[in-house]
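K.L.:
Compact mmCIF, C-alpha atoms, saved as final13.txt, coming up:
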```txt
# COMPACT_ATOMS: atom_id res chain seq x y z
CA MET A 122 -77.63 36.99 63.02
CA THR A 123 -74.26 38.76 62.96
CA MET A 124 -72.44 36.90 65.73
CA ALA A 125 -69.09 35.29 64.91
CA ASN A 126 -69.99 32.16 66.86
CA PRO A 127 -73.63 32.49 67.93
CA SER A 128 -74.47 30.07 70.73
CA PHE A 129 -77.65 29.07 72.54
CA VAL A 130 -76.78 29.25 76.23
CA LEU A 131 -78.55 28.01 79.35
CA GLN A 132 -77.98 30.73 81.96
CA LYS A 133 -79.80 29.01 84.80
CA ILE A 134 -82.97 26.99 85.28
CA ASN A 135 -85.59 28.08 82.74
CA GLU A 136 -83.47 30.95 81.46
CA VAL A 137 -81.70 30.87 78.10
CA LYS A 138 -80.29 33.46 75.72
CA PHE A 139 -78.20 33.80 72.58
CA GLU A 140 -74.60 34.79 73.15
CA GLU A 141 -71.66 35.62 70.96
CA ARG A 142 -68.91 33.21 71.92
CA PRO A 143 -65.34 33.16 70.61
CA VAL A 144 -64.77 31.10 67.49
CA PRO A 145 -62.91 28.01 68.77
CA GLU A 146 -59.40 27.39 67.49
CA ILE A 147 -57.77 24.11 66.57
CA LYS A 148 -55.16 23.35 69.23
CA HIS A 149 -54.27 19.74 68.42
CA GLY A 150 -53.11 18.29 65.13
CA ARG A 151 -55.87 15.69 64.98
CA ASP A 152 -58.71 18.16 65.62
CA VAL A 153 -61.19 19.50 63.08
CA LYS A 154 -63.42 22.55 63.16
CA ILE A 155 -67.03 21.89 62.20
CA GLU A 156 -69.73 24.31 61.17
CA VAL A 157 -72.79 22.90 62.90
CA LYS A 158 -75.77 22.55 60.58
CA LYS A 159 -78.39 20.39 62.33
CA THR A 160 -79.07 19.70 66.01
CA GLY A 161 -81.79 17.58 67.57
CA ILE A 162 -83.14 18.26 71.05
CA CYS A 163 -82.55 15.46 73.57
CA GLY A 164 -84.37 14.80 76.82
CA SER A 165 -81.19 15.51 78.77
CA ASP A 166 -81.00 18.99 77.22
CA VAL A 167 -84.54 19.64 78.39
CA HIS A 168 -83.80 18.27 81.85
CA TYR A 169 -80.86 20.63 82.31
CA TYR A 170 -83.07 23.47 81.03
CA THR A 171 -85.86 22.77 83.50
CA HIS A 172 -84.02 21.26 86.48
CA GLY A 173 -80.42 22.46 86.18
CA ALA A 174 -78.97 19.06 86.99
CA ILE A 175 -78.96 15.37 86.18
CA GLY A 176 -77.67 13.40 89.14
CA SER A 177 -74.24 14.74 90.12
CA PHE A 178 -73.95 16.82 86.93
CA VAL A 179 -75.05 20.30 88.02
CA VAL A 180 -75.16 23.45 85.89
CA ARG A 181 -73.10 25.93 87.91
CA ALA A 182 -72.20 28.34 85.09
CA PRO A 183 -73.77 29.29 81.73
CA MET A 184 -73.60 26.31 79.36
CA VAL A 185 -74.24 25.93 75.63
CA LEU A 186 -76.94 23.31 75.09
CA GLY A 187 -77.15 20.58 72.45
CA HIS A 188 -75.26 17.39 71.59
CA GLU A 189 -77.18 15.65 68.77
CA SER A 190 -75.47 17.36 65.85
CA SER A 191 -74.05 17.11 62.37
CA GLY A 192 -72.12 19.62 60.32
CA ILE A 193 -69.53 20.41 57.69
CA VAL A 194 -65.77 20.41 58.24
CA VAL A 195 -64.37 23.91 57.66
CA GLU A 196 -60.80 23.47 58.96
CA VAL A 197 -58.53 20.53 59.75
CA GLY A 198 -55.48 20.16 61.97
CA ALA A 199 -52.05 19.49 60.56
CA ASP A 200 -52.15 15.76 61.38
CA VAL A 201 -55.66 14.99 60.15
CA THR A 202 -55.67 12.26 57.50
CA GLY A 203 -59.23 10.96 57.33
CA LEU A 204 -61.23 14.14 56.78
CA ALA A 205 -61.05 17.17 54.52
CA VAL A 206 -62.66 20.59 54.36
CA GLY A 207 -66.17 20.20 52.97
CA ASP A 208 -66.83 16.73 54.41
CA ARG A 209 -70.22 16.30 56.05
CA VAL A 210 -69.99 14.52 59.39
CA ALA A 211 -72.02 13.11 62.25
CA MET A 212 -70.52 14.53 65.44
CA GLU A 213 -69.92 12.12 68.33
CA PRO A 214 -70.16 14.57 71.25
CA GLY A 215 -68.16 12.86 73.99
CA VAL A 216 -64.36 12.77 74.05
CA PRO A 217 -62.74 10.50 76.68
CA CYS A 218 -59.32 10.80 78.27
CA ARG A 219 -57.98 7.88 76.12
CA TYR A 220 -55.57 6.82 78.91
CA CYS A 221 -57.61 5.24 81.73
CA GLY A 222 -58.33 1.54 82.12
CA PHE A 223 -61.83 1.87 80.66
CA CYS A 224 -60.55 3.68 77.57
CA LYS A 225 -57.83 1.08 77.05
CA ALA A 226 -60.38 -1.71 77.46
CA GLY A 227 -62.60 -0.27 74.74
CA LYS A 228 -65.21 1.06 77.15
CA TYR A 229 -64.55 4.76 76.80
CA ASN A 230 -68.18 5.60 77.54
CA LEU A 231 -67.34 4.72 81.17
CA CYS A 232 -64.36 7.08 81.30
CA ALA A 233 -64.55 9.23 84.44
CA ASP A 234 -62.89 12.12 82.60
CA MET A 235 -65.27 12.13 79.64
CA LYS A 236 -65.80 15.59 78.16
CA PHE A 237 -69.38 15.29 76.93
CA ALA A 238 -71.13 18.13 75.12
CA ALA A 239 -73.83 19.92 77.14
CA THR A 240 -72.98 17.99 80.27
CA PRO A 241 -71.64 20.35 82.96
CA PRO A 242 -69.12 21.88 82.85
CA TYR A 243 -68.71 21.35 79.09
CA ASP A 244 -70.45 23.42 76.42
CA GLY A 245 -72.66 21.78 73.82
CA THR A 246 -73.08 21.98 70.07
CA LEU A 247 -75.87 24.55 69.63
CA CYS A 248 -73.42 27.03 68.17
CA LYS A 249 -71.94 27.81 64.79
CA TYR A 250 -68.49 26.28 65.24
CA TYR A 251 -67.38 23.29 67.29
CA ILE A 252 -64.07 21.43 67.64
CA LEU A 253 -63.77 17.63 67.71
CA PRO A 254 -60.98 15.11 67.19
CA GLU A 255 -61.21 13.61 63.71
CA ASP A 256 -61.88 10.11 65.08
CA PHE A 257 -65.02 11.38 66.79
CA CYS A 258 -66.47 12.50 63.46
CA VAL A 259 -68.06 9.99 61.11
CA LYS A 260 -68.18 11.01 57.48
CA LEU A 261 -71.68 10.85 56.00
CA PRO A 262 -72.27 9.16 52.64
CA GLU A 263 -73.58 11.49 49.95
CA HIS A 264 -77.12 10.11 50.12
CA VAL A 265 -77.38 10.56 53.92
CA SER A 266 -78.72 13.99 54.86
CA LEU A 267 -77.40 16.24 57.61
CA GLU A 268 -80.71 15.78 59.46
CA GLU A 269 -80.14 12.04 59.45
CA GLY A 270 -76.58 12.75 60.55
CA ALA A 271 -77.82 14.58 63.63
CA LEU A 272 -79.97 11.58 64.55
CA VAL A 273 -76.94 9.30 64.50
CA GLU A 274 -76.43 10.28 68.16
CA PRO A 275 -79.67 8.79 69.55
CA LEU A 276 -79.44 5.93 67.06
CA ALA A 277 -75.97 5.09 68.44
CA VAL A 278 -77.62 4.76 71.87
CA GLY A 279 -80.02 2.21 70.38
CA VAL A 280 -77.10 0.39 68.75
CA HIS A 281 -75.24 0.20 72.05
CA VAL A 282 -78.32 -1.11 73.87
CA SER A 283 -78.95 -3.80 71.27
CA LYS A 284 -75.30 -4.87 71.22
CA LEU A 285 -75.41 -5.28 75.00
CA ALA A 286 -78.52 -7.44 74.63
CA ASN A 287 -76.65 -9.58 72.08
CA MET A 288 -79.74 -10.06 69.95
CA GLY A 289 -79.77 -12.77 67.33
CA THR A 290 -81.63 -13.53 64.10
CA GLY A 291 -85.20 -14.65 64.68
CA SER A 292 -85.25 -13.35 68.24
CA SER A 293 -88.08 -11.63 70.11
CA THR A 294 -87.75 -8.26 71.83
CA ILE A 295 -89.99 -6.01 73.92
CA VAL A 296 -89.25 -2.28 74.24
CA PHE A 297 -90.82 -0.21 77.02
CA GLY A 298 -91.19 3.48 76.12
CA ALA A 299 -91.77 4.80 72.61
CA GLY A 300 -89.89 8.06 72.87
CA PRO A 301 -86.99 8.68 70.49
CA ILE A 302 -84.65 6.15 72.15
CA GLY A 303 -87.34 3.48 72.47
CA LEU A 304 -88.39 3.96 68.85
CA LEU A 305 -84.80 3.66 67.68
CA CYS A 306 -84.31 0.57 69.84
CA CYS A 307 -87.24 -0.97 67.97
CA ALA A 308 -85.60 -0.06 64.67
CA VAL A 309 -82.21 -1.46 65.66
CA ALA A 310 -83.78 -4.64 67.06
CA ARG A 311 -85.30 -5.25 63.64
CA ALA A 312 -81.99 -4.52 61.92
CA PHE A 313 -80.25 -6.95 64.30
CA GLY A 314 -82.65 -9.74 63.39
CA SER A 315 -85.53 -9.66 65.86
CA THR A 316 -88.68 -10.82 64.10
CA THR A 317 -91.09 -10.11 66.95
CA ILE A 318 -90.80 -6.62 68.41
CA ILE A 319 -93.34 -5.39 70.96
CA ALA A 320 -93.49 -1.66 71.73
CA VAL A 321 -95.12 -0.56 75.00
CA ASP A 322 -96.26 2.98 75.74
CA LEU A 323 -99.22 4.94 77.09
CA VAL A 324 -99.50 7.17 74.00
CA GLU A 325 -101.24 5.67 70.97
CA SER A 326 -99.65 8.05 68.46
CA ARG A 327 -96.16 7.01 69.51
CA LEU A 328 -97.07 3.36 69.18
CA GLU A 329 -98.32 4.03 65.66
CA LEU A 330 -94.92 5.53 64.89
CA ALA A 331 -93.27 2.48 66.45
CA LYS A 332 -94.99 0.32 63.83
CA THR A 333 -93.37 2.33 61.05
CA VAL A 334 -89.84 1.87 62.42
CA GLY A 335 -89.92 -1.81 63.36
CA ALA A 336 -92.51 -2.85 65.94
CA THR A 337 -94.66 -5.85 65.01
CA HIS A 338 -96.94 -5.49 68.04
CA THR A 339 -97.95 -2.61 70.31
CA PHE A 340 -99.37 -2.61 73.81
CA ILE A 341 -100.93 0.07 76.02
CA PRO A 342 -100.83 -0.98 79.68
CA SER A 343 -103.79 -0.35 81.96
CA LYS A 344 -103.16 1.53 85.18
CA GLU A 345 -105.47 -0.94 86.92
CA ASP A 346 -103.35 -3.96 85.97
CA SER A 347 -100.45 -5.29 88.00
CA PRO A 348 -97.12 -5.93 86.23
CA ALA A 349 -97.95 -9.64 86.19
CA ASP A 350 -101.37 -8.90 84.63
CA SER A 351 -99.75 -6.74 81.94
CA ALA A 352 -97.21 -9.48 81.24
CA ALA A 353 -99.96 -12.04 80.76
CA LYS A 354 -101.70 -9.76 78.26
CA ILE A 355 -98.44 -9.19 76.38
CA HIS A 356 -97.85 -12.95 76.16
CA ALA A 357 -101.34 -13.42 74.74
CA LEU A 358 -100.85 -10.56 72.27
CA ALA A 359 -97.51 -11.76 70.91
CA GLY A 360 -98.04 -15.49 71.33
CA LEU A 361 -94.68 -15.85 73.09
CA LYS A 362 -92.48 -14.69 75.94
CA PRO A 363 -89.81 -12.34 74.56
CA GLN A 364 -86.14 -13.21 74.93
CA TYR A 365 -85.00 -9.60 75.26
CA ALA A 366 -86.43 -6.60 77.09
CA ILE A 367 -85.27 -2.99 76.81
CA ASP A 368 -86.57 -0.29 79.10
CA ALA A 369 -86.30 3.17 77.54
CA SER A 370 -88.84 4.74 79.90
CA GLY A 371 -87.22 4.70 83.33
CA ALA A 372 -90.65 3.96 84.83
CA ALA A 373 -90.75 1.51 87.73
CA ALA A 374 -93.91 -0.11 86.33
CA SER A 375 -92.07 -0.88 83.08
CA VAL A 376 -89.10 -2.42 84.89
CA ASN A 377 -91.40 -4.62 86.94
CA THR A 378 -93.49 -5.64 83.95
CA ALA A 379 -90.35 -6.58 82.03
CA MET A 380 -89.33 -9.06 84.74
CA TYR A 381 -92.66 -10.85 84.44
CA THR A 382 -92.75 -10.61 80.64
CA LEU A 383 -89.32 -12.05 79.82
CA ALA A 384 -88.82 -15.71 79.02
CA GLN A 385 -86.63 -17.87 81.23
CA GLY A 386 -82.98 -17.08 80.63
CA GLY A 387 -83.88 -13.76 79.01
CA THR A 388 -81.83 -10.57 78.94
CA TYR A 389 -82.92 -7.16 80.23
CA VAL A 390 -81.16 -3.90 79.33
CA GLN A 391 -81.87 -0.63 81.14
CA ALA A 392 -81.56 2.36 78.80
CA GLY A 393 -83.88 4.94 80.37
CA MET A 394 -83.19 7.04 83.44
CA GLY A 395 -85.93 7.30 86.06
CA ASN A 396 -86.11 7.55 89.83
CA PRO A 397 -82.73 6.90 91.46
CA ASN A 398 -84.13 3.92 93.39
CA ILE A 399 -86.90 1.52 92.44
CA MET A 400 -88.17 -1.85 93.66
CA PHE A 401 -88.43 -4.82 91.31
CA PRO A 402 -89.51 -8.49 91.70
CA ILE A 403 -86.20 -10.12 92.60
CA ALA A 404 -87.79 -13.56 93.00
CA GLU A 405 -89.02 -13.45 89.40
CA PHE A 406 -85.62 -12.21 88.27
CA THR A 407 -83.78 -14.98 90.11
CA ALA A 408 -86.11 -17.89 89.32
CA LYS A 409 -85.92 -17.12 85.60
CA GLU A 410 -82.14 -16.69 85.77
CA LEU A 411 -82.40 -13.41 83.90
CA THR A 412 -79.43 -11.29 82.86
CA MET A 413 -79.67 -7.58 83.65
CA LYS A 414 -77.42 -4.93 82.12
CA GLY A 415 -77.18 -1.18 82.33
CA SER A 416 -76.49 0.86 79.21
CA PHE A 417 -74.74 4.25 79.14
CA ARG A 418 -74.42 6.29 75.94
CA TYR A 419 -72.33 4.44 73.32
CA GLY A 420 -68.89 3.03 72.76
CA PRO A 421 -66.36 2.14 70.04
CA GLY A 422 -67.94 1.43 66.68
CA ASP A 423 -71.48 2.37 67.69
CA TYR A 424 -71.48 5.66 65.76
CA ASN A 425 -70.03 4.03 62.66
CA LEU A 426 -72.59 1.23 62.75
CA ALA A 427 -75.40 3.75 63.25
CA VAL A 428 -74.32 5.60 60.10
CA GLU A 429 -74.09 2.29 58.23
CA LEU A 430 -77.62 1.30 59.30
CA ILE A 431 -78.97 4.60 57.95
CA ALA A 432 -76.91 4.48 54.77
CA SER A 433 -77.99 0.91 53.99
CA GLY A 434 -81.67 1.67 54.55
CA LYS A 435 -81.94 -0.84 57.40
CA VAL A 436 -83.00 1.98 59.74
CA ASP A 437 -85.05 5.01 58.70
CA VAL A 438 -84.70 7.84 61.22
CA LYS A 439 -86.59 10.44 59.19
CA PRO A 440 -90.07 9.60 60.57
CA LEU A 441 -88.93 10.72 64.02
CA ILE A 442 -88.51 14.34 62.90
CA THR A 443 -91.81 16.09 63.63
CA HIS A 444 -90.69 19.73 63.88
CA ARG A 445 -88.04 21.84 62.13
CA VAL A 446 -87.04 25.31 63.35
CA PRO A 447 -84.24 27.80 62.58
CA PHE A 448 -81.54 28.52 65.15
CA GLU A 449 -83.03 31.86 66.12
CA LYS A 450 -86.15 30.02 67.32
CA ALA A 451 -84.25 27.54 69.49
CA GLU A 452 -86.09 28.61 72.64
CA GLU A 453 -89.40 27.97 70.89
CA ALA A 454 -88.11 24.54 69.90
CA PHE A 455 -87.33 23.64 73.49
CA LYS A 456 -90.76 24.76 74.63
CA THR A 457 -92.30 22.55 71.97
CA VAL A 458 -90.48 19.56 73.44
CA MET A 459 -91.38 20.57 76.99
CA ALA A 460 -95.03 20.67 75.99
CA GLY A 461 -94.79 17.06 74.86
CA LYS A 462 -95.46 17.91 71.23
CA GLY A 463 -93.91 15.79 68.53
CA VAL A 464 -91.04 13.33 68.81
CA LYS A 465 -87.82 14.90 67.57
CA VAL A 466 -87.41 18.65 67.04
CA MET A 467 -84.61 19.59 64.63
CA ILE A 468 -82.82 22.94 64.82
CA SER A 469 -81.07 24.25 61.70
CA GLY A 470 -78.02 26.47 61.78
CA PRO A 471 -76.96 28.96 62.85
CA GLU A 472 -76.49 30.20 59.33
```
Taking this structure as input, can you express it in the form of structure tokens?
P.N.:
Amino acid sequence: MTMANPSFVLQKINEVKFEERPVPEIKHGRDVKIEVKKTGICGSDVHYYTHGAIGSFVVRAPMVLGHESSGIVVEVGADVTGLAVGDRVAMEPGVPCRYCGFCKAGKYNLCADMKFAATPPYDGTLCKYYILPEDFCVKLPEHVSLEEGALVEPLAVGVHVSKLANMGTGSSTIVFGAGPIGLLCCAVARAFGSTTIIAVDLVESRLELAKTVGATHTFIPSKEDSPADSAAKIHALAGLKPQYAIDASGAAASVNTAMYTLAQGGTYVQAGMGNPNIMFPIAEFTAKELTMKGSFRYGPGDYNLAVELIASGKVDVKPLITHRVPFEKAEEAFKTVMAGKGVKVMISGPE
């Protein structure tokens, strides 16, 4: 392709095309310019593609897709001290205002003025060149590939979820949903010290993958069973009531089952987005004195820890990559994901 900054752009629902965009320029001394090399497709990218909106975030103008990316630094601002041209980096795709109360409190993922890639109205990373502040780039060790670097983004989500759960050594965890986030939550739970990890999904092949990344037990719920029935079967399978539950599915049945499955005093973290409103067994929640937390993206240190987990071998993200395509076949890659094929589709380039 001969474009100066080729970009994969969502025009409107179910309509995408390649565009030549201007090559971005460094405007702040702490910024770096990155040549994007690898980008994974996330469920939110697909949702914008097919629905044009997620909640109050509505695509009202053409938008470059993509936010799970890694690349190589090709230019640095005058005040950059931690990176140099040629460094390979994982790209944290959301830049907060840095000034609000949430940012000052170390919760910048809750910043109302967050500029997050491929979240309207901000363009994403499926392009050749992208600008980020240096502190939102994490340098990759030599033995960590750019593909692994792109998967730091969803892994950081799993890190944030597990930190919110406050898991400890020897703990027990159940994860509902074995998509990319659920699988990585299993992997992080193991890295954080959980010794019993139960993965729940309706798809056998995904549960088999869950075993390779950290799950010690797998469970396929029956549509005929109530949440309480499923919980009883899970208890029999694992021989215990888990202390921690993570829902990465967004399904009401999973949320309800988690309430019945958790041990007294357990902790529940919601990671998956589903219907805006659901019902859950509040009596079970109250009688067990459960703790419930919501989880949104990732915060300070999560990206760095995700890179460390990969670099140390405590988490292996490579098994999640099931398809690899060049940039010029990005539309084909999205259709692969929409068809429910594979787990993580990786786009290379543009070269």
K.L.:
Just to confirm, what's the straight-line distance from CA of Lys450 (chain A) to CA of Lys159 (chain A) in Å (one decimal)?
P.N.:
13.3 Å
K.L.:
Using only C-alpha atoms, which residues sit within 9 Å of region 207-217 of chain A once same-chain residues fewer than 5 positions away are excluded, as a ChimeraX atom specification?
P.N.:
/A:155,188-196,224,229-239,245-246,253-254,256-263,266-267,269-274,424,428
K.L.:
Out of A:Gly386, A:Gly161, A:Gly371, A:Gly150, which residue has the shortest atom-to-atom distance to Ile468 (chain A) when counting all atoms listed in the file?
P.N.:
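Looking at the shortest contact to Ile468 (chain A), the residue is A:Gly161.
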K.L.:
May I ask which of the residues A:Met394, A:Ile355, A:Leu426, A:Ala372 is the closest one to Val309 (chain A), counting only C-alpha atoms?
P.N.:
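Comparing A:Met394, A:Ile355, A:Leu426, A:Ala372 against Val309 (chain A), the winner is A:Leu426.
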K.L.:
Any idea what the distance is between CA of Gly422 (chain A) and CA of Thr316 (chain A)?
P.N.:
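Going from CA of Gly422 (chain A) over to CA of Thr316 (chain A) covers 24.2 Å.
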